[in-house]
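Listing of my_file_32.pdb, PDB, C-alpha atoms and all ligand atoms
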ATOM      1  CA  MET A   1      42.967 -41.049  17.096
ATOM      2  CA  ALA A   2      43.344 -41.593  20.813
ATOM      3  CA  GLY A   3      45.938 -44.268  20.083
ATOM      4  CA  LEU A   4      48.416 -41.594  19.023
ATOM      5  CA  ALA A   5      48.033 -39.608  22.206
ATOM      6  CA  GLU A   6      50.807 -38.841  24.692
ATOM      7  CA  PRO A   7      49.426 -40.231  27.937
ATOM      8  CA  ASN A   8      51.204 -37.788  30.254
ATOM      9  CA  ALA A   9      50.739 -34.620  28.229
ATOM     10  CA  LEU A  10      48.810 -31.761  29.831
ATOM     11  CA  VAL A  11      48.013 -30.328  26.417
ATOM     12  CA  ASP A  12      47.618 -32.805  23.581
ATOM     13  CA  LEU A  13      46.418 -31.774  20.126
ATOM     14  CA  ARG A  14      46.115 -34.045  17.112
ATOM     15  CA  GLY A  15      45.263 -32.706  13.683
ATOM     16  CA  VAL A  16      43.507 -29.639  15.014
ATOM     17  CA  SER A  17      42.221 -27.212  12.411
ATOM     18  CA  LYS A  18      40.237 -24.001  12.538
ATOM     19  CA  SER A  19      38.661 -22.170   9.627
ATOM     20  CA  PHE A  20      36.747 -18.938   9.736
ATOM     21  CA  GLY A  21      34.136 -18.038   7.134
ATOM     22  CA  GLU A  22      32.868 -19.881   4.067
ATOM     23  CA  GLY A  23      33.680 -20.190   0.371
ATOM     24  CA  GLU A  24      35.945 -17.504  -1.042
ATOM     25  CA  ARG A  25      36.032 -15.755   2.315
ATOM     26  CA  ARG A  26      37.302 -18.817   4.109
ATOM     27  CA  VAL A  27      40.475 -18.371   6.177
ATOM     28  CA  ASP A  28      42.332 -21.432   7.412
ATOM     29  CA  ALA A  29      43.676 -20.048  10.670
ATOM     30  CA  LEU A  30      44.980 -23.437  11.915
ATOM     31  CA  VAL A  31      45.800 -26.394   9.691
ATOM     32  CA  ASP A  32      46.437 -29.885  11.085
ATOM     33  CA  VAL A  33      48.207 -28.777  14.249
ATOM     34  CA  SER A  34      49.528 -31.532  16.525
ATOM     35  CA  LEU A  35      51.522 -30.927  19.684
ATOM     36  CA  SER A  36      52.061 -32.344  23.168
ATOM     37  CA  LEU A  37      53.105 -30.272  26.159
ATOM     38  CA  PHE A  38      54.123 -31.584  29.563
ATOM     39  CA  ALA A  39      54.286 -30.435  33.174
ATOM     40  CA  GLY A  40      57.111 -28.017  33.811
ATOM     41  CA  GLN A  41      57.442 -26.872  30.203
ATOM     42  CA  VAL A  42      57.384 -23.231  29.182
ATOM     43  CA  VAL A  43      57.118 -22.872  25.425
ATOM     44  CA  GLY A  44      57.110 -19.879  23.123
ATOM     45  CA  LEU A  45      54.654 -19.528  20.274
ATOM     46  CA  ILE A  46      55.899 -17.250  17.524
ATOM     47  CA  GLY A  47      55.023 -16.406  13.941
ATOM     48  CA  PRO A  48      54.121 -13.470  11.737
ATOM     49  CA  SER A  49      50.948 -11.503  12.289
ATOM     50  CA  GLY A  50      47.971 -13.537  11.089
ATOM     51  CA  SER A  51      49.780 -16.882  11.390
ATOM     52  CA  GLY A  52      47.280 -18.268  13.921
ATOM     53  CA  LYS A  53      48.944 -17.664  17.300
ATOM     54  CA  THR A  54      45.943 -16.142  19.028
ATOM     55  CA  THR A  55      43.636 -18.707  17.446
ATOM     56  CA  LEU A  56      45.785 -21.542  18.784
ATOM     57  CA  LEU A  57      45.838 -20.015  22.270
ATOM     58  CA  ASN A  58      42.060 -19.581  22.149
ATOM     59  CA  VAL A  59      41.525 -23.154  20.971
ATOM     60  CA  VAL A  60      43.693 -24.561  23.773
ATOM     61  CA  GLY A  61      41.858 -22.232  26.167
ATOM     62  CA  CYS A  62      38.498 -23.605  24.961
ATOM     63  CA  VAL A  63      37.428 -20.128  23.921
ATOM     64  CA  THR A  64      37.336 -20.928  20.202
ATOM     65  CA  GLU A  65      35.813 -24.144  18.896
ATOM     66  CA  PRO A  66      38.103 -25.966  16.441
ATOM     67  CA  SER A  67      36.764 -27.065  13.038
ATOM     68  CA  GLY A  68      38.232 -30.527  13.367
ATOM     69  CA  GLY A  69      40.755 -32.735  15.122
ATOM     70  CA  TRP A  70      41.146 -33.964  18.653
ATOM     71  CA  MET A  71      42.257 -32.261  21.865
ATOM     72  CA  ARG A  72      42.913 -33.497  25.360
ATOM     73  CA  LEU A  73      43.631 -31.236  28.324
ATOM     74  CA  ASN A  74      44.999 -32.515  31.629
ATOM     75  CA  GLY A  75      44.004 -36.069  30.855
ATOM     76  CA  GLU A  76      40.490 -35.415  29.592
ATOM     77  CA  VAL A  77      39.429 -35.501  25.946
ATOM     78  CA  VAL A  78      37.578 -32.213  25.624
ATOM     79  CA  TYR A  79      37.232 -32.047  21.839
ATOM     80  CA  ASP A  80      36.822 -34.798  19.260
ATOM     81  CA  GLN A  81      35.251 -33.321  16.124
ATOM     82  CA  ARG A  82      32.982 -31.463  18.620
ATOM     83  CA  TRP A  83      33.152 -30.297  22.226
ATOM     84  CA  LEU A  84      32.686 -33.211  24.597
ATOM     85  CA  ARG A  85      32.174 -30.925  27.592
ATOM     86  CA  ARG A  86      29.078 -28.797  27.875
ATOM     87  CA  ASP A  87      30.311 -26.665  30.762
ATOM     88  CA  LEU A  88      33.231 -25.016  28.964
ATOM     89  CA  ARG A  89      33.120 -22.026  31.251
ATOM     90  CA  ARG A  90      33.788 -24.230  34.260
ATOM     91  CA  LEU A  91      36.513 -26.090  32.383
ATOM     92  CA  ARG A  92      38.225 -22.760  31.656
ATOM     93  CA  LEU A  93      37.825 -21.619  35.238
ATOM     94  CA  GLU A  94      39.305 -24.795  36.719
ATOM     95  CA  GLU A  95      41.917 -25.941  34.234
ATOM     96  CA  ILE A  96      43.174 -22.836  32.483
ATOM     97  CA  GLY A  97      44.892 -19.639  33.567
ATOM     98  CA  PHE A  98      44.972 -16.735  31.137
ATOM     99  CA  ILE A  99      47.550 -13.961  31.330
ATOM    100  CA  PHE A 100      47.013 -11.088  28.933
ATOM    101  CA  GLN A 101      49.216  -8.321  27.619
ATOM    102  CA  THR A 102      47.325  -5.763  29.651
ATOM    103  CA  HIS A 103      46.476  -6.908  33.131
ATOM    104  CA  ASN A 104      42.667  -6.436  32.898
ATOM    105  CA  LEU A 105      42.151  -6.413  36.661
ATOM    106  CA  LEU A 106      38.736  -5.292  37.841
ATOM    107  CA  PRO A 107      39.271  -1.617  38.799
ATOM    108  CA  PHE A 108      36.744  -1.567  41.655
ATOM    109  CA  LEU A 109      38.254  -4.522  43.539
ATOM    110  CA  THR A 110      41.493  -4.568  45.544
ATOM    111  CA  ALA A 111      44.431  -6.705  44.425
ATOM    112  CA  ALA A 112      43.441  -9.472  46.861
ATOM    113  CA  GLU A 113      39.760  -9.273  45.881
ATOM    114  CA  ASN A 114      40.680  -9.603  42.205
ATOM    115  CA  VAL A 115      42.446 -12.872  43.014
ATOM    116  CA  MET A 116      39.676 -14.084  45.338
ATOM    117  CA  GLU A 117      36.971 -13.427  42.774
ATOM    118  CA  VAL A 118      37.985 -16.236  40.407
ATOM    119  CA  MET A 119      38.262 -18.695  43.302
ATOM    120  CA  GLU A 120      34.790 -17.791  44.528
ATOM    121  CA  LEU A 121      33.427 -18.198  40.991
ATOM    122  CA  ALA A 122      34.861 -21.708  41.095
ATOM    123  CA  GLY A 123      33.070 -22.381  44.391
ATOM    124  CA  ALA A 124      35.701 -21.624  47.050
ATOM    125  CA  ARG A 125      34.562 -20.257  50.378
ATOM    126  CA  SER A 126      35.497 -16.671  51.100
ATOM    127  CA  ALA A 127      37.905 -17.390  53.984
ATOM    128  CA  GLU A 128      39.716 -20.028  51.975
ATOM    129  CA  ALA A 129      39.922 -17.722  48.939
ATOM    130  CA  ARG A 130      41.274 -14.880  51.077
ATOM    131  CA  ALA A 131      43.982 -17.074  52.565
ATOM    132  CA  ARG A 132      45.092 -18.435  49.207
ATOM    133  CA  ALA A 133      45.032 -14.963  47.603
ATOM    134  CA  GLY A 134      47.358 -13.761  50.365
ATOM    135  CA  ASP A 135      49.697 -16.728  49.853
ATOM    136  CA  LEU A 136      49.768 -16.252  46.086
ATOM    137  CA  LEU A 137      50.440 -12.538  46.300
ATOM    138  CA  ASP A 138      53.269 -13.275  48.752
ATOM    139  CA  TYR A 139      54.650 -15.911  46.381
ATOM    140  CA  LEU A 140      54.638 -13.308  43.602
ATOM    141  CA  GLN A 141      56.202 -10.756  45.952
ATOM    142  CA  VAL A 142      53.313  -8.299  45.892
ATOM    143  CA  GLY A 143      51.772  -9.367  49.209
ATOM    144  CA  ARG A 144      52.269  -5.929  50.760
ATOM    145  CA  ARG A 145      50.095  -4.432  47.996
ATOM    146  CA  LYS A 146      47.154  -6.737  48.603
ATOM    147  CA  ASN A 147      44.777  -3.990  49.724
ATOM    148  CA  ALA A 148      45.731  -1.587  46.922
ATOM    149  CA  MET A 149      43.355  -0.784  44.078
ATOM    150  CA  PRO A 150      44.618  -1.619  40.559
ATOM    151  CA  ALA A 151      45.027   2.077  39.706
ATOM    152  CA  GLN A 152      47.469   2.403  42.614
ATOM    153  CA  LEU A 153      49.723  -0.406  41.385
ATOM    154  CA  SER A 154      52.759  -0.012  39.136
ATOM    155  CA  GLY A 155      52.702  -1.855  35.803
ATOM    156  CA  GLY A 156      54.915  -4.627  37.156
ATOM    157  CA  GLU A 157      52.832  -5.010  40.315
ATOM    158  CA  ALA A 158      49.576  -5.148  38.344
ATOM    159  CA  GLN A 159      51.061  -7.814  36.077
ATOM    160  CA  ARG A 160      51.994  -9.906  39.141
ATOM    161  CA  VAL A 161      48.508  -9.570  40.595
ATOM    162  CA  ALA A 162      47.098 -10.648  37.221
ATOM    163  CA  ILE A 163      49.442 -13.656  37.276
ATOM    164  CA  ALA A 164      48.248 -14.469  40.811
ATOM    165  CA  ARG A 165      44.682 -14.372  39.536
ATOM    166  CA  ALA A 166      45.559 -16.645  36.623
ATOM    167  CA  LEU A 167      47.044 -19.137  39.125
ATOM    168  CA  ALA A 168      44.276 -18.895  41.702
ATOM    169  CA  ASN A 169      42.448 -22.103  40.797
ATOM    170  CA  ARG A 170      45.696 -24.071  40.354
ATOM    171  CA  PRO A 171      45.362 -24.490  36.594
ATOM    172  CA  LYS A 172      47.658 -26.981  34.909
ATOM    173  CA  ILE A 173      47.538 -25.005  31.680
ATOM    174  CA  ILE A 174      48.599 -21.384  31.596
ATOM    175  CA  LEU A 175      48.205 -19.325  28.435
ATOM    176  CA  ALA A 176      49.922 -15.986  28.078
ATOM    177  CA  ASP A 177      49.417 -13.594  25.163
ATOM    178  CA  GLU A 178      52.411 -11.223  24.949
ATOM    179  CA  PRO A 179      52.792 -10.999  28.731
ATOM    180  CA  THR A 180      56.048  -9.054  28.525
ATOM    181  CA  ALA A 181      55.021  -6.584  25.810
ATOM    182  CA  PRO A 182      54.517  -3.618  28.154
ATOM    183  CA  LEU A 183      57.718  -4.331  30.125
ATOM    184  CA  ASP A 184      61.356  -3.347  29.608
ATOM    185  CA  SER A 185      63.760  -6.210  28.949
ATOM    186  CA  GLU A 186      64.909  -6.535  32.559
ATOM    187  CA  ARG A 187      61.345  -6.774  33.847
ATOM    188  CA  ALA A 188      60.449  -9.083  30.975
ATOM    189  CA  GLY A 189      63.258 -11.402  32.102
ATOM    190  CA  ILE A 190      61.942 -11.326  35.667
ATOM    191  CA  VAL A 191      58.426 -12.262  34.508
ATOM    192  CA  MET A 192      59.836 -15.122  32.420
ATOM    193  CA  ASP A 193      61.863 -16.434  35.369
ATOM    194  CA  LEU A 194      58.683 -16.269  37.409
ATOM    195  CA  LEU A 195      56.730 -18.229  34.794
ATOM    196  CA  ARG A 196      59.466 -20.873  34.737
ATOM    197  CA  ARG A 197      59.294 -21.200  38.521
ATOM    198  CA  ILE A 198      55.494 -21.452  38.387
ATOM    199  CA  ALA A 199      55.636 -24.185  35.745
ATOM    200  CA  VAL A 200      57.876 -26.291  37.972
ATOM    201  CA  ASP A 201      56.258 -25.499  41.342
ATOM    202  CA  GLN A 202      52.688 -26.024  40.103
ATOM    203  CA  GLU A 203      53.530 -28.779  37.629
ATOM    204  CA  ALA A 204      51.892 -26.719  34.935
ATOM    205  CA  THR A 205      52.650 -26.086  31.283
ATOM    206  CA  ILE A 206      52.812 -22.541  29.975
ATOM    207  CA  ILE A 207      52.381 -21.302  26.409
ATOM    208  CA  VAL A 208      53.621 -17.792  25.760
ATOM    209  CA  VAL A 209      52.769 -15.939  22.543
ATOM    210  CA  THR A 210      55.475 -13.357  21.995
ATOM    211  CA  HIS A 211      57.395 -11.182  19.565
ATOM    212  CA  ASP A 212      59.973 -10.339  22.197
ATOM    213  CA  GLU A 213      63.291 -11.803  21.054
ATOM    214  CA  SER A 214      64.960 -10.854  24.316
ATOM    215  CA  ILE A 215      63.102 -13.679  26.078
ATOM    216  CA  PHE A 216      63.547 -16.439  23.465
ATOM    217  CA  ASP A 217      66.380 -18.012  25.465
ATOM    218  CA  ARG A 218      64.030 -18.443  28.454
ATOM    219  CA  PHE A 219      61.838 -21.011  26.685
ATOM    220  CA  ASP A 220      62.274 -24.767  26.675
ATOM    221  CA  SER A 221      61.094 -24.872  23.074
ATOM    222  CA  ILE A 222      59.807 -22.438  20.513
ATOM    223  CA  TYR A 223      56.883 -23.381  18.279
ATOM    224  CA  HIS A 224      56.839 -21.582  14.937
ATOM    225  CA  LEU A 225      53.517 -20.985  13.211
ATOM    226  CA  ARG A 226      53.156 -19.888   9.597
ATOM    227  CA  ASP A 227      49.842 -19.584   7.746
ATOM    228  CA  GLY A 228      48.183 -21.779  10.338
ATOM    229  CA  HIS A 229      50.773 -24.540  10.084
ATOM    230  CA  LEU A 230      53.092 -25.549  12.888
ATOM    231  CA  VAL A 231      56.222 -25.438  10.737
ATOM    232  CA  SER A 232      58.933 -26.205  13.284
ATOM    233  CA  ILE A 233      59.690 -26.838  16.909
ATOM    234  CA  GLU A 234      63.031 -25.537  18.070
ATOM    235  CA  ASN A 235      64.434 -26.902  21.310
ATOM    236  CA  VAL A 236      66.099 -24.090  23.206
ATOM    237  CA  LYS A 237      67.007 -25.830  26.430
ATOM    238  CA  ALA A 238      68.995 -29.014  26.426
ATOM    239  CA  ASN A 239      66.517 -30.402  28.938
ATOM    240  CA  ALA A 240      63.440 -29.460  26.897
ATOM    241  CA  HIS A 241      62.197 -33.011  27.120
ATOM    242  CA  ARG A 242      63.449 -34.004  30.537
ATOM    243  CA  PRO A 243      60.931 -35.118  33.122
ATOM    244  CA  ILE A 244      59.765 -32.675  35.734
ATOM    245  CA  ASP A 245      61.854 -34.077  38.592
ATOM    246  CA  ALA A 246      65.043 -33.346  36.665
ATOM    247  CA  ARG A 247      63.816 -29.831  35.937
ATOM    248  CA  ARG A 248      62.942 -29.277  39.546
ATOM    249  CA  SER A 249      66.515 -30.011  40.649
ATOM    250  CA  ASP A 250      67.857 -27.773  37.834
ATOM    251  CA  GLU A 251      65.665 -24.953  39.065
ATOM    252  CA  THR A 252      66.743 -25.479  42.673
ATOM    253  CA  ALA A 253      70.392 -25.382  41.633
ATOM    254  CA  ARG A 254      69.783 -22.237  39.628
ATOM    255  CA  ASN A 255      68.029 -20.481  42.489
ATOM    256  CA  ALA A 256      70.803 -21.422  44.877
ATOM    257  CA  SER A 257      73.546 -19.980  42.670
TER     258      SER A 257
HETATM  259  P1  LIG B   1      47.971 -14.055  14.996
HETATM  260  O1  LIG B   1      47.544 -14.060  16.409
HETATM  261  O2  LIG B   1      49.135 -14.953  14.695
HETATM  262  O3  LIG B   1      48.212 -12.673  14.480
HETATM  263  P2  LIG B   1      45.244 -14.919  14.470
HETATM  264  O4  LIG B   1      45.126 -16.232  15.139
HETATM  265  O5  LIG B   1      44.658 -13.748  15.165
HETATM  266  O6  LIG B   1      46.770 -14.646  14.099
HETATM  267  O7  LIG B   1      44.570 -15.014  13.029
HETATM  268  C1  LIG B   1      44.853 -16.041  12.099
HETATM  269  C2  LIG B   1      43.985 -15.830  10.859
HETATM  270  O8  LIG B   1      42.620 -16.051  11.186
HETATM  271  C3  LIG B   1      44.067 -14.415  10.290
HETATM  272  O9  LIG B   1      43.974 -14.493   8.894
HETATM  273  C4  LIG B   1      42.840 -13.756  10.885
HETATM  274  O10 LIG B   1      42.394 -12.732  10.057
HETATM  275  C5  LIG B   1      41.840 -14.895  10.931
HETATM  276  N1  LIG B   1      40.872 -14.740  12.025
HETATM  277  C6  LIG B   1      41.147 -14.756  13.343
HETATM  278  N2  LIG B   1      40.022 -14.612  14.075
HETATM  279  C7  LIG B   1      39.004 -14.497  13.178
HETATM  280  C8  LIG B   1      37.586 -14.346  13.297
HETATM  281  N3  LIG B   1      37.002 -14.280  14.485
HETATM  282  N4  LIG B   1      36.870 -14.256  12.161
HETATM  283  C9  LIG B   1      37.453 -14.336  10.940
HETATM  284  N5  LIG B   1      38.774 -14.492  10.768
HETATM  285  C10 LIG B   1      39.551 -14.584  11.862
HETATM  286 MG    MG B   2      47.378 -12.462  17.804
END

Is it possible to express this structure as structure tokens?
Ligand code: ADP
Ligand code: MG
Amino acid sequence: MAGLAEPNALVDLRGVSKSFGEGERRVDALVDVSLSLFAGQVVGLIGPSGSGKTTLLNVVGCVTEPSGGWMRLNGEVVYDQRWLRRDLRRLRLEEIGFIFQTHNLLPFLTAAENVMEVMELAGARSAEARARAGDLLDYLQVGRRKNAMPAQLSGGEAQRVAIARALANRPKIILADEPTAPLDSERAGIVMDLLRRIAVDQEATIIVVTHDESIFDRFDSIYHLRDGHLVSIENVKANAHRPIDARRSDETARNAS
């Protein structure tokens, strides 16, 4: 199967399936899903409830083991009919950033400590983690709140701290499950602009599960799932397939205007 792969893709799935249960109870949550995502891309994942969105995010995030197929992440084949990596926890920690609908920050750590924690789990020294946490929180414009406890943060601030934490280990693959659901449409737009900037600056790819139609125009492409099948891929941006250097100059022009 490797012959069909896209060599530069950060996320590359070929014929991935996932079934839950056996016999009459069997549910085919993903059926023969193939897709390739590249640095700088922000894609939407939409579909009715039960269509397999969360399952697909969890498979890409190496949380759920597929039932078959082939998957490569950031250049490494991680699944080929079975997991090829034994240390999946480390793989998740280093390669993948998760952003959830609710921020799920640890309530007994400050904003900065929440960000530092995942770096220290990955082996960073404390001083290094503290410096990067500060930089990331500044980048996300919540640097002045770095010593606040999660309960003291507004919803938007907490979401930014959670995004900082998801970015802490410089993952190339960022997975977001309804990240704008608790936000009004203006704030949702701001978060989407932020994700687009992150994708370009960090040369990452971002998959966003959403029902929020107000942000559909912010995606490069929208992947439609139905009954576990990837039924269509809609290109939203004219440059959906342009290389990252072209996107970077687009983004610079946009920010300047
Ligand atoms: P979505 O996120 O699009 O709502 P899911 O990926 O959560 O859909 O679910 C897809 C299908 O797989 C559904 O029929 C769901 O009931 C089933 N499913 C998901 N997770 C499990 C599980 N852990 N055990 C059994 N069935 C599951
Ligand atoms: Mg879901």

Residues contacting ligand MG 2 (chain B) - anything with an atom at most 9 Å away, using all atoms listed in the file - can you give me those as a VMD selection string? chain A and resid 49 to 55 57 177 to 178 209

All file atoms of ligand LIG 1 (chain B) boxed axis-aligned, 8 Å per side, centre plus edges, as AutoDock Vina command-line options:
--center_x 43.0 --center_y -14.5 --center_z 12.7 --size_x 28.3 --size_y 19.6 --size_z 23.5

10 Å from ligand LIG 1 (chain B) is the threshold here; counting all atoms listed in the file, which polymer residues fall inside it? Answer as a PyMOL selection string. chain A and resi 18-22+25-30+45-59+64+177+209-210+225-228

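The space between CA of Ser67 (chain A) and CA of Ala166 (chain A) spans 27.2 Å.
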
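With CA of Ser232 (chain A) on one side and CA of Glu95 (chain A) on the other, the separation reads 27.0 Å.
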
Between A:Leu137, A:Val33, A:Val60, A:Ile233, smallest distance to Asp220 (chain A) by all atoms listed in the file belongs to A:Ile233

Between A:Arg218, A:Arg197, A:Arg72, A:Lys172, which has the minimum distance to Leu93 (chain A) (counting only C-alpha atoms)? A:Lys172

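For the pair CA of Glu157 (chain A) and CA of Val142 (chain A), the separation is 6.5 Å.
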
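Using all atoms listed in the file, the smallest distance between any of A:Arg165, A:Leu37, A:Lys237, A:Glu203 and Gly97 (chain A) comes from A:Arg165.
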
Long-range neighbours of Val115 (chain A) as an MDAnalysis selection string, 8 Å cut-off, only C-alpha atoms, 6 positions minimum in chain: chainID A and resid 133 161:162 164:165 168

Nearest candidate to Leu195 (chain A) (options A:Val43, A:Lys146, A:Val63, A:Trp70; using only C-alpha atoms): A:Val43

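Nearest to Gln159 (chain A) of all the residues A:Arg90, A:Ser221, A:Met192, A:Ile207 is A:Met192, counting all atoms listed in the file.
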
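Every residue that the PyMOL selection byres (((chain A and resi 15) around 10) and not hetatm) selects in this file is listed here: Met1, Leu13, Arg14, Val16, Ser17, Leu30, Val31, Asp32, Val33, Ser34, Leu35, Gly68, Gly69, Trp70 and Met71 of chain A.
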
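In this comparison, which uses all atoms listed in the file, the residue of A:Gly156, A:Asp201, A:Asn235, A:Ser214 approaching Arg187 (chain A) most closely is A:Gly156.
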
Could you list, as an MDAnalysis selection string, every residue within 12 Å of Ser154 (chain A), counting only C-alpha atoms and ignoring same-chain residues fewer than 4 positions away? chainID A and resid 103 111 142 145 148:150 158:161 182:183

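For Gln41 (chain A), the non-local neighbours within 6 Å, defined as residues at least 2 positions apart in the same chain or in other chains and counting all atoms listed in the file, are Phe38, Ala39 and Thr205 of chain A.
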
Reconstructed N, CA and C atoms for region 112-136 of chain A, given as a short mmCIF file (atom, residue, chain, number, x, y, z; two decimals), in the frame of the given file:
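Output file result_27.cif is given in full below:
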data_model
loop_
_atom_site.label_atom_id
_atom_site.label_comp_id
_atom_site.auth_asym_id
_atom_site.auth_seq_id
_atom_site.Cartn_x
_atom_site.Cartn_y
_atom_site.Cartn_z
N ALA A 112 43.83 -8.19 46.27
CA ALA A 112 43.44 -9.47 46.86
C ALA A 112 42.05 -9.90 46.38
N GLU A 113 41.12 -8.94 46.31
CA GLU A 113 39.76 -9.27 45.88
C GLU A 113 39.72 -9.74 44.43
N ASN A 114 40.60 -9.15 43.59
CA ASN A 114 40.68 -9.60 42.20
C ASN A 114 41.07 -11.08 42.15
N VAL A 115 41.99 -11.48 43.01
CA VAL A 115 42.45 -12.87 43.01
C VAL A 115 41.36 -13.78 43.61
N MET A 116 40.71 -13.29 44.66
CA MET A 116 39.68 -14.08 45.34
C MET A 116 38.48 -14.36 44.42
N GLU A 117 38.19 -13.36 43.59
CA GLU A 117 36.97 -13.43 42.77
C GLU A 117 36.91 -14.71 41.94
N VAL A 118 38.02 -15.05 41.28
CA VAL A 118 37.98 -16.24 40.41
C VAL A 118 37.88 -17.53 41.22
N MET A 119 38.40 -17.50 42.45
CA MET A 119 38.26 -18.70 43.30
C MET A 119 36.82 -18.85 43.76
N GLU A 120 36.19 -17.72 44.08
CA GLU A 120 34.79 -17.79 44.53
C GLU A 120 33.88 -18.22 43.38
N LEU A 121 34.20 -17.75 42.17
CA LEU A 121 33.43 -18.20 40.99
C LEU A 121 33.52 -19.71 40.83
N ALA A 122 34.67 -20.26 41.22
CA ALA A 122 34.86 -21.71 41.10
C ALA A 122 34.31 -22.46 42.31
N GLY A 123 33.75 -21.72 43.28
CA GLY A 123 33.07 -22.38 44.39
C GLY A 123 33.81 -22.36 45.72
N ALA A 124 34.96 -21.67 45.78
CA ALA A 124 35.70 -21.62 47.05
C ALA A 124 34.96 -20.75 48.06
N ARG A 125 35.12 -21.10 49.34
CA ARG A 125 34.56 -20.26 50.38
C ARG A 125 35.44 -19.04 50.54
N SER A 126 34.83 -17.96 51.04
CA SER A 126 35.50 -16.67 51.10
C SER A 126 36.78 -16.71 51.94
N ALA A 127 36.74 -17.37 53.10
CA ALA A 127 37.90 -17.39 53.98
C ALA A 127 39.06 -18.13 53.32
N GLU A 128 38.72 -19.21 52.67
CA GLU A 128 39.72 -20.03 51.98
C GLU A 128 40.33 -19.23 50.82
N ALA A 129 39.46 -18.52 50.07
CA ALA A 129 39.92 -17.72 48.94
C ALA A 129 40.84 -16.60 49.43
N ARG A 130 40.46 -15.98 50.56
CA ARG A 130 41.27 -14.88 51.08
C ARG A 130 42.66 -15.38 51.48
N ALA A 131 42.70 -16.52 52.12
CA ALA A 131 43.98 -17.07 52.56
C ALA A 131 44.87 -17.42 51.36
N ARG A 132 44.28 -18.06 50.37
CA ARG A 132 45.09 -18.43 49.21
C ARG A 132 45.53 -17.20 48.42
N ALA A 133 44.65 -16.20 48.31
CA ALA A 133 45.03 -14.96 47.60
C ALA A 133 46.25 -14.34 48.29
N GLY A 134 46.23 -14.31 49.62
CA GLY A 134 47.36 -13.76 50.36
C GLY A 134 48.64 -14.54 50.09
N ASP A 135 48.52 -15.88 50.11
CA ASP A 135 49.70 -16.73 49.85
C ASP A 135 50.25 -16.49 48.45
N LEU A 136 49.33 -16.43 47.48
CA LEU A 136 49.77 -16.25 46.09
C LEU A 136 50.44 -14.90 45.88
#
